[in-house]
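Novice: So here's structure33.txt, just compact mmCIF, C-alpha atoms and all ligand atoms:
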# COMPACT_ATOMS: atom_id res chain seq x y z
CA SER A 368 -7.24 19.39 -15.01
CA GLU A 369 -4.00 21.06 -14.13
CA GLN A 370 -0.79 19.16 -14.85
CA LEU A 371 1.31 18.99 -11.69
CA ASP A 372 5.03 18.21 -11.64
CA THR A 373 5.34 14.68 -10.28
CA HIS A 374 8.10 12.18 -9.57
CA ILE A 375 7.23 8.58 -8.86
CA THR A 376 9.58 5.72 -8.01
CA LEU A 377 8.46 2.14 -7.43
CA ALA A 378 10.40 -0.91 -6.27
CA ALA A 379 9.58 -4.50 -5.38
CA SER A 380 11.32 -7.54 -3.95
CA ASP A 381 9.96 -11.05 -3.50
CA GLU A 382 8.55 -10.06 -0.10
CA ALA A 383 7.62 -6.40 -0.30
CA CYS A 384 7.00 -3.41 -2.51
CA GLY A 385 7.28 0.30 -1.93
CA GLY A 386 6.83 3.54 -3.75
CA LEU A 387 7.50 7.23 -3.44
CA LEU A 388 5.36 9.84 -5.15
CA VAL A 389 6.39 13.47 -4.88
CA GLN A 390 4.03 15.98 -6.37
CA ARG A 391 4.27 19.73 -6.58
CA LEU A 392 1.11 21.30 -5.22
CA PRO A 393 -0.37 24.42 -6.75
CA GLU A 394 1.13 27.37 -4.87
CA SER A 395 0.33 31.05 -4.85
CA ALA A 396 4.02 32.03 -4.81
CA PRO A 397 5.88 29.28 -6.67
CA ASP A 398 9.42 28.56 -5.51
CA PRO A 399 11.11 26.67 -8.37
CA GLU A 400 14.32 26.16 -6.42
CA ALA A 401 12.55 24.52 -3.49
CA TRP A 402 10.76 22.15 -5.85
CA GLU A 403 14.00 21.30 -7.68
CA HIS A 404 15.67 20.58 -4.33
CA VAL A 405 12.88 18.24 -3.20
CA ALA A 406 12.73 16.53 -6.60
CA THR A 407 16.50 16.02 -6.65
CA LEU A 408 16.44 14.47 -3.18
CA ALA A 409 13.49 12.25 -4.14
CA GLN A 410 15.49 10.90 -7.08
CA THR A 411 18.25 9.69 -4.78
CA VAL A 412 15.99 7.05 -3.24
CA SER A 413 17.19 3.48 -3.82
CA ALA A 414 15.11 0.40 -4.48
CA GLU A 415 16.39 -1.12 -1.21
CA GLU A 416 15.26 1.93 0.76
CA LEU A 417 11.80 1.83 -0.84
CA VAL A 418 11.34 -1.84 -0.03
CA GLN A 419 12.97 -1.97 3.40
CA LEU A 420 12.23 1.33 5.16
CA ASP A 421 8.92 2.42 6.63
CA ALA A 422 7.54 5.80 5.56
CA HIS A 423 8.93 7.75 8.54
CA HIS A 424 12.48 6.45 8.17
CA LEU A 425 12.44 6.87 4.40
CA LEU A 426 11.21 10.46 4.60
CA TYR A 427 13.71 11.28 7.32
CA ARG A 428 16.57 9.83 5.29
CA LEU A 429 15.60 11.81 2.19
CA PHE A 430 14.33 15.07 3.61
CA HIS A 431 15.75 15.46 7.12
CA GLU A 432 17.05 18.95 6.28
CA THR A 433 13.47 20.14 6.00
CA PRO A 434 11.48 17.61 8.04
CA PRO A 435 8.23 16.76 6.29
CA ARG A 436 4.88 16.66 8.06
CA VAL A 437 3.66 13.05 8.12
CA PHE A 438 -0.06 12.35 8.18
CA ASP A 439 -1.54 9.26 9.82
CA ALA A 440 -1.71 6.26 7.52
CA GLU A 441 -5.13 5.38 6.24
CA PRO A 442 -6.11 1.78 5.58
CA ILE A 443 -6.66 0.93 1.94
CA GLU A 444 -9.87 -0.86 1.19
CA PHE A 445 -11.09 -2.57 -1.92
CA ALA A 446 -14.54 -1.39 -2.89
CA CYS A 447 -16.62 -2.24 -5.92
CA THR A 448 -19.49 -0.09 -7.10
CA CYS A 449 -21.48 -2.96 -8.58
CA SER A 450 -24.99 -3.59 -7.29
CA ARG A 451 -28.05 -5.64 -8.10
CA GLY A 452 -29.69 -2.41 -9.26
CA LYS A 453 -26.92 -1.68 -11.78
CA VAL A 454 -27.01 -5.27 -13.03
CA SER A 455 -30.81 -4.93 -13.42
CA ASP A 456 -30.31 -1.78 -15.52
CA MET A 457 -27.78 -3.65 -17.68
CA LEU A 458 -30.25 -6.52 -18.21
CA LEU A 459 -32.96 -4.05 -19.20
CA MET A 460 -30.55 -2.53 -21.74
CA LEU A 461 -29.81 -5.99 -23.17
CA GLY A 462 -33.51 -6.37 -23.74
CA GLY A 463 -36.15 -8.99 -23.04
CA GLU A 464 -35.35 -11.11 -26.08
CA GLU A 465 -31.71 -11.61 -25.17
CA VAL A 466 -32.33 -12.04 -21.45
CA GLY A 467 -35.34 -14.29 -22.08
CA SER A 468 -33.34 -16.61 -24.31
CA VAL A 469 -30.63 -16.95 -21.65
CA LEU A 470 -33.36 -17.66 -19.10
CA GLU A 471 -34.86 -20.33 -21.37
CA GLU A 472 -31.48 -21.91 -21.98
CA GLN A 473 -30.05 -21.83 -18.45
CA GLY A 474 -33.04 -21.60 -16.14
CA SER A 475 -31.75 -18.39 -14.58
CA VAL A 476 -29.55 -15.44 -15.52
CA GLU A 477 -26.23 -15.24 -13.70
CA ILE A 478 -23.98 -12.23 -13.91
CA ASP A 479 -20.51 -12.27 -12.31
CA CYS A 480 -18.77 -9.00 -11.52
CA ASP A 481 -15.26 -9.14 -13.01
CA PHE A 482 -13.90 -6.74 -10.38
CA CYS A 483 -15.14 -8.16 -7.07
CA ASN A 484 -16.44 -11.60 -8.13
CA ALA A 485 -19.91 -10.88 -6.76
CA LYS A 486 -22.49 -13.16 -8.33
CA TYR A 487 -25.94 -11.87 -9.22
CA VAL A 488 -28.56 -14.50 -9.95
CA PHE A 489 -31.93 -13.63 -11.45
CA ASP A 490 -34.49 -16.43 -11.58
CA GLU A 491 -37.58 -16.40 -13.77
CA THR A 492 -39.62 -14.53 -11.14
CA ASP A 493 -36.93 -11.85 -10.87
CA ILE A 494 -36.66 -11.44 -14.64
CA ASN A 495 -40.42 -11.24 -15.10
CA ALA A 496 -40.68 -8.64 -12.34
CA LEU A 497 -37.83 -6.66 -13.91
CA PHE A 498 -39.39 -6.57 -17.38
CA GLY A 499 -42.98 -6.45 -16.14
CA MET A 500 -43.99 -9.42 -18.27
CA ASP A 501 -43.50 -13.16 -18.72
CA VAL A 502 -40.23 -12.88 -20.64
CA ALA A 503 -39.58 -16.61 -21.08
CA ALA A 504 -43.09 -17.23 -22.40
CA ALA A 505 -42.69 -14.32 -24.80
CA VAL A 506 -39.43 -15.79 -26.13
CA ARG A 507 -41.19 -19.15 -26.61
CA GLY A 508 -43.90 -17.30 -28.49
CA GLU A 509 -46.53 -18.23 -25.94
CA GLY A 510 -47.38 -14.91 -24.39
CA ALA A 511 -47.25 -11.23 -24.98
CA ARG A 512 -44.59 -10.10 -27.46
CA ILE A 513 -41.52 -8.30 -26.24
CA GLN A 514 -41.75 -4.65 -27.15
ZN ZN B 601 -18.39 -5.84 -8.15
Take the structure I supplied and represent it as structure tokens, if you would.
Specialist:
Amino acid sequence: SEQLDTHITLAASDEACGGLLVQRLPESAPDPEAWEHVATLAQTVSAEELVQLDAHHLLYRLFHETPPRVFDAEPIEFACTCSRGKVSDMLLMLGGEEVGSVLEEQGSVEIDCDFCNAKYVFDETDINALFGMDVAAAVRGEGARIQ
């Protein structure tokens, strides 16, 4: 990927945090002086301004000579890509022997997602359906062997 000139400044107080990221976009007719001007202004931002001012006031204070276009704010959302299907794939990769021994020991297999704290519980019926055999019985040596 292309390396783009970037300046980033972050600040935090006990109550709030703020940051300013200025990045040079790829341009067909680069204007080094314009970029230097914007970067120089961006570097004058203080920690107090970052923490105390909203985006419009901060941008106006820094760049009022060439008023920037401000886009609507978009809400930030936490999203995790974990799913029961992905956890199932991971269990299949661990293999019937490993999963079966956990099932024998704990009565079910519980997987917690470290990112979103979702809990996935697989009981014996779920595990057997996943592996297409009686996994616990196989681990006990009572049924078909795990391939
Ligand atoms: Zn998750």
Novice: Would you work out the distance separating atom CA of His404 of chain A from atom CA of Ser380 of chain A, expressed in Å to one decimal?
Specialist: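 So the answer is 28.5 Å.
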Novice: Neighbouring residues of Ile375 of chain A were defined as those with any atom within 7 Å, considering only C-alpha atoms; residues of the same chain fewer than 5 positions away were excluded. Please report them as a count of residues only.
Specialist: 3
Novice: Name all residues at most 12 Å from Lys486 of chain A (count all atoms listed in the file; drop same-chain ones fewer than 3 positions away) and give them as a ChimeraX atom specification.
Specialist: /A:449-451,454,476-483,489
Novice: Calculated over all atoms listed in the file, which of the candidates A:Thr448, A:Ser455, A:Gln390, A:Ser475 has the smallest distance to ligand ZN 601 (chain B)?
Specialist: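 That would be A:Thr448, the residue with the smallest distance to ligand ZN 601 (chain B).
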Novice: Give me, please, the distance in Å between atom CA of Glu491 of chain A and atom CA of Leu470 of chain A, quoted to one decimal.
Specialist: 6.9 Å
Novice: Got a sec: who's within 12 Å of Val412 of chain A, counting only C-alpha atoms, leaving out chain neighbours fewer than 3 positions off, as a list in words?
Specialist: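 After dropping sequence-adjacent residues, the list is His374, Ile375, Thr376, Leu377, Ala378, Gly385, Gly386, Leu387, Leu388, Val389, Val405, Ala406, Thr407, Leu408, Ala409, Glu415, Glu416, Leu417, Val418, Gln419, Leu420, His424, Leu425, Leu426, Tyr427, Arg428, Leu429 and Phe430 of chain A.
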Novice: Find, counting all atoms listed in the file, the residue in A:Gly499, A:Gly452, A:Gly463, A:Pro435 that gets nearest to ligand ZN 601 (chain B).
Specialist: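 Between A:Gly499, A:Gly452, A:Gly463, A:Pro435, the residue approaching ligand ZN 601 (chain B) most closely is A:Gly452.
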Novice: Quick one: pull the distance between atom CA of Ala496 of chain A and atom CA of Glu509 of chain A, Å, one decimal.
Specialist: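 Between atom CA of Ala496 of chain A and atom CA of Glu509 of chain A the gap works out to 17.6 Å.
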Novice: With only C-alpha atoms and all ligand atoms as the atoms that count, which of A:Gly508, A:Asp501, A:Asp493, A:Tyr487 lies nearest to ligand ZN 601 (chain B)?
Specialist: A:Tyr487
Novice: In the coordinates of the file, take the point (-32.2, -20.3, -19.7) and a cut-off of 12 Å; then, counting all atoms listed in the file, name each qualifying protein, DNA or RNA residue as a list in words.
Specialist: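 Here is the list of nearby residues: Glu464, Glu465, Val466, Gly467, Ser468, Val469, Leu470, Glu471, Glu472, Gln473, Gly474, Ser475, Val476, Glu477, Val488, Phe489, Asp490, Glu491, Ile494, Val502, Ala503, Ala504, Val506 and Arg507 of chain A.
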Novice: Select, from A:Ala505, A:Leu392, A:Ala446, A:Leu497, the residue with the minimum atom-to-atom distance to ligand ZN 601 (chain B), counting only C-alpha atoms and all ligand atoms.
Specialist: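 Closest residue, counting only C-alpha atoms and all ligand atoms: A:Ala446.
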Novice: Please determine, counting all atoms listed in the file, which residue among A:Ala414, A:Thr433, A:Thr492, A:Glu444 has the shortest atom-to-atom distance to Ala383 of chain A.
Specialist: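 The closest residue to Ala383 of chain A is A:Ala414.
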Novice: From the list A:Pro442, A:Ala485, A:Phe498, A:Arg512, which residue is nearest ligand ZN 601 (chain B) when using all atoms listed in the file?
Specialist: A:Ala485
Novice: Hey, can I get the axis-aligned box for segment 387-392 of chain A? All listed atoms, 4 Å padding on each side, centre and edge lengths in Å to one decimal, as JSON.
Specialist:
{"center_x": 4.3, "center_y": 14.3, "center_z": -5.0, "size_x": 14.4, "size_y": 22.1, "size_z": 11.1}
